[in-house]
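Everything below concerns the one structure shown next.
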Amino acid sequence: MAVILGIESSCDETSASICIDGEIKSNIIASQAIHAKYGGVVPELASRVHQQNIIPTVDQAIQLAKIHKNDVDAVAFTRGPGLLGALLVGTSFAKSFALARQIPLIEVNHMQAHILAHFIDNPKPEFPFLCLTVSGGHTQIVLVKDFFEMELLGQTLDDAAGEAFDKTAKILKLPYPGGPLIDKYAQQGNATAFKLPEPQIPGLDFSFSGLKTAILYMVQAEERKDPSFLDKRIADVCASVQERIVTILLNKLNKAVQQTGVKQVAIAGGVSANSGLRQQLTEMGARYGWQVFIPKFEYCTDNAAMIAIAGYQKYLRQEFVGQDIAPLARMHF
């Protein structure tokens with residue numbers, strides 16, 4: 001029996017999970033409300049709150065899994081990418097826990113873990129498959145050939161899709177985090193109300209900075225005509241923005257399917273919780289004969305279950321690291 005403790009602390013979620021023989025037994029996430037009044041994550045505050053949350057979060061995960069801390073066989077932790085101060089808290093705790101019990105330490109790439117979240121529950125994709133990974137910090141199309149053999153086919157040249165949602169929310173004077181609020185308003189609005197441009201980026205890469213500028217100029221122009229524009233049309237604006245971001249993502253994903261011939265398609269990352277993206281991907285899959293994999297909501301945002309499941313696969317391969325390991329703010333596949 002292999003018992004893996006997973007630790008996630010890359011941004012503003014402190015999370016701990018217990019995985020036993022590839023089955024997730026607990027997944028505890030402590031969110032940080034402190035950032036709301038600043039309109040975004042403040043790195044220094046994030047690391048301080050991680051320090052407060054890490055021990056009770058791990059303790060709760062162990063209790064929920066009905067095991068003892070001495071039953072843990074290895075500790076998997078997010079090494080990167082992420083906020084360096086936040087990563088340092090999780091890395092330091094993992095190293096200390098492993099050292100105290102003389103058990104192996106396993107580093108996990110946060111972006112690989114988002115993809116491997118698809119191996120938590122059934123149905124699981126078979127290799128190879130394509131994964132569109134979309135979050136506040138990343139937008140990528142990845143060809144997944146094996147658990148840790150992944151080829152980056154395309155990525156954003158500037159802003160990530162999640163960042164486009166959050167910065168649009170600021171333009172619309174919505175509170176942080178704005179992405180879920182745009183999704184909520186969009187469900188009541190007309191997605192064709194406002195025409196927004198689709199960036200003409202060659203290949204499988206993305207760009208969202210021009211779209212953000214177009215949204216800003218459109219809102220400013222409408223407010224000059226009617227200062228109460230957003231009060232009256234917020235749902236239509238959100239629906240139009242969401243429709244454009246989703247079509248940008250799915251048009252590139254469709255292009256990747258055509259180029260590779262791979263028809264097993266998955267999404268991962270925080271933005272994969274967006275209802276418009278989930279619905280349109282499902283419809284596109286039915287139209288083109290794809291096999292579509294969409295994770296549960298709890299495995300879309302940052303969580304330790306995905307770290308634990310990735311750690312379990314590395315445990316089976318005996319891929320361990322030493323106590324000299326350090327976190328990395330930037331980390332590639």
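Lettering and numbering for the structure tokens are positional, with chains as A, B, ... in the shown order, residues counted from 1 in each chain, and ligands counted from 1 in the shown order.
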Checklist entry - In region 74-125 of chain A, what's alpha helix (DSSP H) per DSSP? Answer as a PyMOL selection string? => result chain A and resi 84-101+110-116
Next on the checklist: From a backbone DSSP assignment, name each residue in region 238-301 of chain A labelled strand (DSSP E or B), as number ranges by chain.
Outcome noted: A: 264-268, 291-293
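Considering the residues A:Ile103, A:Val219, A:Val237, A:Ala160 and counting only C-alpha atoms, Ala193 (chain A) has its shortest atom-to-atom contact with A:Val237.
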Would you give me, as JSON lines, each residue of region 65-182 of chain A having an atom within 9 Å of an atom of region 43-49 of chain A, along with its shortest atom pair and that distance in Å to one decimal, using only C-alpha atoms and sorting by chain and residue number?
```
{"residue": "A:Leu83", "atom": "CA", "partner": "A:Pro43", "partner_atom": "CA", "distance": 6.5}
{"residue": "A:Leu84", "atom": "CA", "partner": "A:Pro43", "partner_atom": "CA", "distance": 8.3}
{"residue": "A:Gly85", "atom": "CA", "partner": "A:Ser47", "partner_atom": "CA", "distance": 5.3}
{"residue": "A:Ala86", "atom": "CA", "partner": "A:Ser47", "partner_atom": "CA", "distance": 4.4}
{"residue": "A:Leu87", "atom": "CA", "partner": "A:Ser47", "partner_atom": "CA", "distance": 8.0}
{"residue": "A:Leu88", "atom": "CA", "partner": "A:Ser47", "partner_atom": "CA", "distance": 8.0}
{"residue": "A:Val89", "atom": "CA", "partner": "A:Ser47", "partner_atom": "CA", "distance": 6.7}
```
Would you write out those residues with N, CA and C atoms, as a short mmCIF file (atom, residue, chain, number, x, y, z; two decimals), in the first residue's frame?
```cif
data_model
loop_
_atom_site.label_atom_id
_atom_site.label_comp_id
_atom_site.auth_asym_id
_atom_site.auth_seq_id
_atom_site.Cartn_x
_atom_site.Cartn_y
_atom_site.Cartn_z
N LEU A 83 3.97 31.52 -7.19
CA LEU A 83 4.54 32.62 -6.42
C LEU A 83 5.63 32.05 -5.51
N LEU A 84 6.83 32.60 -5.59
CA LEU A 84 7.97 31.99 -4.91
C LEU A 84 7.77 31.89 -3.40
N GLY A 85 7.27 32.96 -2.77
CA GLY A 85 7.05 32.93 -1.33
C GLY A 85 6.02 31.89 -0.93
N ALA A 86 4.96 31.77 -1.72
CA ALA A 86 3.91 30.78 -1.45
C ALA A 86 4.46 29.36 -1.62
N LEU A 87 5.21 29.14 -2.70
CA LEU A 87 5.81 27.83 -2.94
C LEU A 87 6.77 27.44 -1.82
N LEU A 88 7.49 28.43 -1.31
CA LEU A 88 8.48 28.17 -0.26
C LEU A 88 7.84 27.58 0.99
N VAL A 89 6.63 28.03 1.31
CA VAL A 89 5.93 27.51 2.49
C VAL A 89 5.62 26.02 2.31
#
```
Next on the checklist: Between CA of Asp12 (chain A) and CA of Gln155 (chain A), what is the distance in Å, rounded to a tenth?
Outcome noted: 23.2 Å
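CA of Thr78 (chain A) lies 14.5 Å from CA of Gly322 (chain A).
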Just want the 8 Å neighbourhood of region 175-188 of chain A, counted on only C-alpha atoms, with same-chain residues fewer than 6 positions away dropped. Output as a compact mmCIF listing (two decimals) with C-alpha atoms, in the first residue's frame.
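selection10.txt, written as the output of this step:
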```txt
# COMPACT_ATOMS: atom_id res chain seq x y z
CA HIS A 35 -6.93 39.38 -1.27
CA ALA A 36 -10.46 40.49 -2.23
CA LYS A 37 -10.04 44.05 -0.97
CA GLY A 39 -8.45 43.24 -6.31
CA GLY A 40 -5.90 40.47 -6.79
CA GLY A 162 -7.95 33.53 -16.70
CA PHE A 165 -11.43 37.19 -17.37
CA ASP A 166 -10.13 38.80 -14.16
CA LYS A 167 -8.95 42.02 -15.81
CA THR A 168 -12.21 42.30 -17.73
CA ALA A 169 -14.01 41.99 -14.40
CA ILE A 234 -23.67 43.99 -17.60
CA ALA A 235 -25.12 40.56 -18.49
CA ASP A 236 -24.81 41.16 -22.24
CA VAL A 237 -21.22 42.42 -21.89
CA CYS A 238 -20.24 39.40 -19.78
CA ALA A 239 -21.91 37.00 -22.22
CA SER A 240 -20.14 38.60 -25.19
CA GLN A 242 -17.12 34.94 -22.35
CA ASN A 274 -16.27 27.98 -16.67
CA SER A 275 -19.74 26.80 -17.68
CA GLY A 276 -19.55 28.27 -21.18
```
What are the closest atom pairs, with distances in Å to one decimal, for each residue of region 203-291 of chain A lying within 8 Å of region 298-311 of chain A, using only C-alpha atoms, rows by chain and rising residue number, as a Markdown table?
```
| residue | atom | partner | partner_atom | distance |
| --- | --- | --- | --- | --- |
| A:Ala268 | CA | A:Cys300 | CA | 5.9 |
| A:Gly269 | CA | A:Cys300 | CA | 4.9 |
| A:Gly270 | CA | A:Thr301 | CA | 4.2 |
| A:Val271 | CA | A:Cys300 | CA | 7.4 |
| A:Ser272 | CA | A:Cys300 | CA | 6.1 |
| A:Ala273 | CA | A:Cys300 | CA | 5.9 |
```
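Proximity to Lys145 (chain A) was assessed for A:Met1, A:Val75, A:Leu172, A:Val262 counting only C-alpha atoms; the smallest distance is recorded for A:Val262.
Nearest-residue note for Pro104 (chain A): choosing from A:Asn53, A:Asn70, A:Gln60, A:Gln323, the minimum distance belongs to A:Gln323, counting only C-alpha atoms.
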Checklist entry - Could you pull the residues within 7 Å of region 18-24 of chain A, counting only C-alpha atoms, minus those fewer than 5 positions along the same chain, as a PyMOL selection string? => result chain A and resi 1-6+61-62+65+120+305+308-309+312
Can I get the selection written as a PDB file, in the first residue's frame, with N, CA, C and O atoms?
```
ATOM      1  N   MET A   1       0.851  -1.202   0.000  1.00  0.00           N
ATOM      2  CA  MET A   1       0.000   0.000   0.000  1.00  0.00           C
ATOM      3  C   MET A   1       0.881   1.244   0.000  1.00  0.00           C
ATOM      4  O   MET A   1       1.856   1.319   0.740  1.00  0.00           O
ATOM      5  N   ALA A   2       0.553   2.203  -0.864  1.00  0.00           N
ATOM      6  CA  ALA A   2       1.300   3.461  -0.953  1.00  0.00           C
ATOM      7  C   ALA A   2       0.400   4.610  -0.514  1.00  0.00           C
ATOM      8  O   ALA A   2      -0.648   4.855  -1.112  1.00  0.00           O
ATOM      9  N   VAL A   3       0.815   5.306   0.541  1.00  0.00           N
ATOM     10  CA  VAL A   3       0.065   6.451   1.061  1.00  0.00           C
ATOM     11  C   VAL A   3       0.864   7.716   0.758  1.00  0.00           C
ATOM     12  O   VAL A   3       1.981   7.886   1.241  1.00  0.00           O
ATOM     13  N   ILE A   4       0.286   8.594  -0.074  1.00  0.00           N
ATOM     14  CA  ILE A   4       0.958   9.822  -0.494  1.00  0.00           C
ATOM     15  C   ILE A   4       0.251  11.029   0.106  1.00  0.00           C
ATOM     16  O   ILE A   4      -0.974  11.164  -0.007  1.00  0.00           O
ATOM     17  N   LEU A   5       1.028  11.900   0.745  1.00  0.00           N
ATOM     18  CA  LEU A   5       0.517  13.202   1.191  1.00  0.00           C
ATOM     19  C   LEU A   5       0.868  14.229   0.118  1.00  0.00           C
ATOM     20  O   LEU A   5       2.038  14.383  -0.232  1.00  0.00           O
ATOM     21  N   GLY A   6      -0.147  14.903  -0.422  1.00  0.00           N
ATOM     22  CA  GLY A   6       0.067  15.941  -1.426  1.00  0.00           C
ATOM     23  C   GLY A   6      -0.071  17.320  -0.818  1.00  0.00           C
ATOM     24  O   GLY A   6      -0.991  17.554  -0.011  1.00  0.00           O
ATOM     25  N   ALA A  61      -6.672  16.897   6.492  1.00  0.00           N
ATOM     26  CA  ALA A  61      -6.611  15.915   5.396  1.00  0.00           C
ATOM     27  C   ALA A  61      -6.281  14.525   5.929  1.00  0.00           C
ATOM     28  O   ALA A  61      -6.866  13.516   5.495  1.00  0.00           O
ATOM     29  N   ILE A  62      -5.364  14.450   6.883  1.00  0.00           N
ATOM     30  CA  ILE A  62      -4.974  13.159   7.475  1.00  0.00           C
ATOM     31  C   ILE A  62      -6.141  12.562   8.265  1.00  0.00           C
ATOM     32  O   ILE A  62      -6.438  11.366   8.156  1.00  0.00           O
ATOM     33  N   ALA A  65      -8.923  11.234   5.963  1.00  0.00           N
ATOM     34  CA  ALA A  65      -8.528   9.993   5.293  1.00  0.00           C
ATOM     35  C   ALA A  65      -8.479   8.807   6.257  1.00  0.00           C
ATOM     36  O   ALA A  65      -8.232   7.668   5.834  1.00  0.00           O
ATOM     37  N   ILE A 120      -7.737  11.067 -11.544  1.00  0.00           N
ATOM     38  CA  ILE A 120      -8.308  10.895 -10.203  1.00  0.00           C
ATOM     39  C   ILE A 120      -9.568  10.041 -10.280  1.00  0.00           C
ATOM     40  O   ILE A 120      -9.749   9.099  -9.509  1.00  0.00           O
ATOM     41  N   ALA A 305      -5.182  17.323  -4.456  1.00  0.00           N
ATOM     42  CA  ALA A 305      -5.478  15.984  -4.980  1.00  0.00           C
ATOM     43  C   ALA A 305      -4.697  15.736  -6.271  1.00  0.00           C
ATOM     44  O   ALA A 305      -4.172  14.642  -6.492  1.00  0.00           O
ATOM     45  N   ALA A 308      -1.169  14.997  -5.310  1.00  0.00           N
ATOM     46  CA  ALA A 308      -1.054  13.655  -4.739  1.00  0.00           C
ATOM     47  C   ALA A 308      -1.108  12.571  -5.822  1.00  0.00           C
ATOM     48  O   ALA A 308      -0.351  11.596  -5.771  1.00  0.00           O
ATOM     49  N   ILE A 309      -1.993  12.754  -6.818  1.00  0.00           N
ATOM     50  CA  ILE A 309      -2.118  11.726  -7.866  1.00  0.00           C
ATOM     51  C   ILE A 309      -0.873  11.726  -8.754  1.00  0.00           C
ATOM     52  O   ILE A 309      -0.399  10.672  -9.185  1.00  0.00           O
ATOM     53  N   TYR A 312       1.792  10.063  -6.725  1.00  0.00           N
ATOM     54  CA  TYR A 312       1.624   8.601  -6.705  1.00  0.00           C
ATOM     55  C   TYR A 312       2.275   7.962  -7.931  1.00  0.00           C
ATOM     56  O   TYR A 312       2.965   6.936  -7.822  1.00  0.00           O
TER      57      TYR A 312
END
```
Residues within 8 Å of region 244-258 of chain A, please, as an mmCIF file with N, CA and C atoms, in the first residue's frame. Count only C-alpha atoms; anything in the same chain fewer than 4 positions from it doesn't count.
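Contents of around34.cif, freshly written:
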```cif
data_model
loop_
_atom_site.group_PDB
_atom_site.id
_atom_site.type_symbol
_atom_site.label_atom_id
_atom_site.label_comp_id
_atom_site.auth_asym_id
_atom_site.auth_seq_id
_atom_site.Cartn_x
_atom_site.Cartn_y
_atom_site.Cartn_z
ATOM 1 N N LEU A 130 -5.021 15.230 -26.044
ATOM 2 C CA LEU A 130 -4.749 16.668 -26.029
ATOM 3 C C LEU A 130 -5.392 17.283 -24.794
ATOM 4 N N LEU A 132 -6.207 21.111 -23.096
ATOM 5 C CA LEU A 132 -6.225 22.569 -23.059
ATOM 6 C C LEU A 132 -6.181 22.970 -21.593
ATOM 7 N N ILE A 141 -1.855 24.446 -24.920
ATOM 8 C CA ILE A 141 -2.348 23.204 -25.520
ATOM 9 C C ILE A 141 -1.206 22.208 -25.445
ATOM 10 N N LEU A 153 2.323 22.314 -27.414
ATOM 11 C CA LEU A 153 2.043 22.633 -28.819
ATOM 12 C C LEU A 153 1.767 24.118 -29.029
ATOM 13 N N ALA A 161 -5.824 33.211 -20.331
ATOM 14 C CA ALA A 161 -7.285 33.361 -20.453
ATOM 15 C C ALA A 161 -7.902 33.768 -19.117
ATOM 16 N N LEU A 196 -16.694 41.415 -30.545
ATOM 17 C CA LEU A 196 -15.324 41.585 -30.064
ATOM 18 C C LEU A 196 -14.362 40.833 -30.988
ATOM 19 N N PRO A 197 -13.139 41.339 -31.174
ATOM 20 C CA PRO A 197 -12.226 40.754 -32.158
ATOM 21 C C PRO A 197 -11.617 39.423 -31.702
ATOM 22 N N GLU A 198 -11.291 38.594 -32.675
ATOM 23 C CA GLU A 198 -10.531 37.365 -32.409
ATOM 24 C C GLU A 198 -9.106 37.577 -32.899
ATOM 25 N N PRO A 199 -8.106 37.494 -32.014
ATOM 26 C CA PRO A 199 -6.713 37.733 -32.421
ATOM 27 C C PRO A 199 -6.278 36.763 -33.530
ATOM 28 N N LEU A 204 -0.623 27.519 -33.050
ATOM 29 C CA LEU A 204 -1.478 27.142 -31.926
ATOM 30 C C LEU A 204 -1.273 28.033 -30.702
ATOM 31 N N ASP A 205 -0.591 29.158 -30.899
ATOM 32 C CA ASP A 205 -0.384 30.092 -29.792
ATOM 33 C C ASP A 205 -1.602 30.998 -29.608
ATOM 34 N N PHE A 206 -1.677 31.628 -28.430
ATOM 35 C CA PHE A 206 -2.789 32.504 -28.069
ATOM 36 C C PHE A 206 -2.285 33.905 -27.758
ATOM 37 N N SER A 240 -20.923 38.366 -23.979
ATOM 38 C CA SER A 240 -20.144 38.603 -25.194
ATOM 39 C C SER A 240 -18.656 38.342 -24.957
ATOM 40 N N VAL A 262 -5.357 13.524 -33.008
ATOM 41 C CA VAL A 262 -5.734 12.990 -31.694
ATOM 42 C C VAL A 262 -7.132 13.490 -31.335
ATOM 43 N N LYS A 263 -8.064 12.567 -31.085
ATOM 44 C CA LYS A 263 -9.449 12.958 -30.834
ATOM 45 C C LYS A 263 -9.900 12.728 -29.393
ATOM 46 N N GLY A 276 -19.501 28.094 -19.727
ATOM 47 C CA GLY A 276 -19.546 28.271 -21.181
ATOM 48 C C GLY A 276 -18.531 27.401 -21.884
ATOM 49 N N LEU A 277 -17.319 27.327 -21.335
ATOM 50 C CA LEU A 277 -16.271 26.483 -21.926
ATOM 51 C C LEU A 277 -16.655 25.010 -21.846
ATOM 52 N N GLN A 280 -19.622 24.349 -24.398
ATOM 53 C CA GLN A 280 -19.250 24.414 -25.810
ATOM 54 C C GLN A 280 -18.269 23.320 -26.200
ATOM 55 N N LEU A 281 -17.374 22.929 -25.282
ATOM 56 C CA LEU A 281 -16.466 21.819 -25.580
ATOM 57 C C LEU A 281 -17.250 20.524 -25.731
#
```
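Across the structure, CA of Val108 (chain A) and CA of Val292 (chain A) are spaced 25.2 Å apart.
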Checklist entry - For Gly285 (chain A), which residue out of A:Gln32, A:Gln200, A:Gln264, A:Ser96 is the nearest one, using only C-alpha atoms? => result A:Gln264
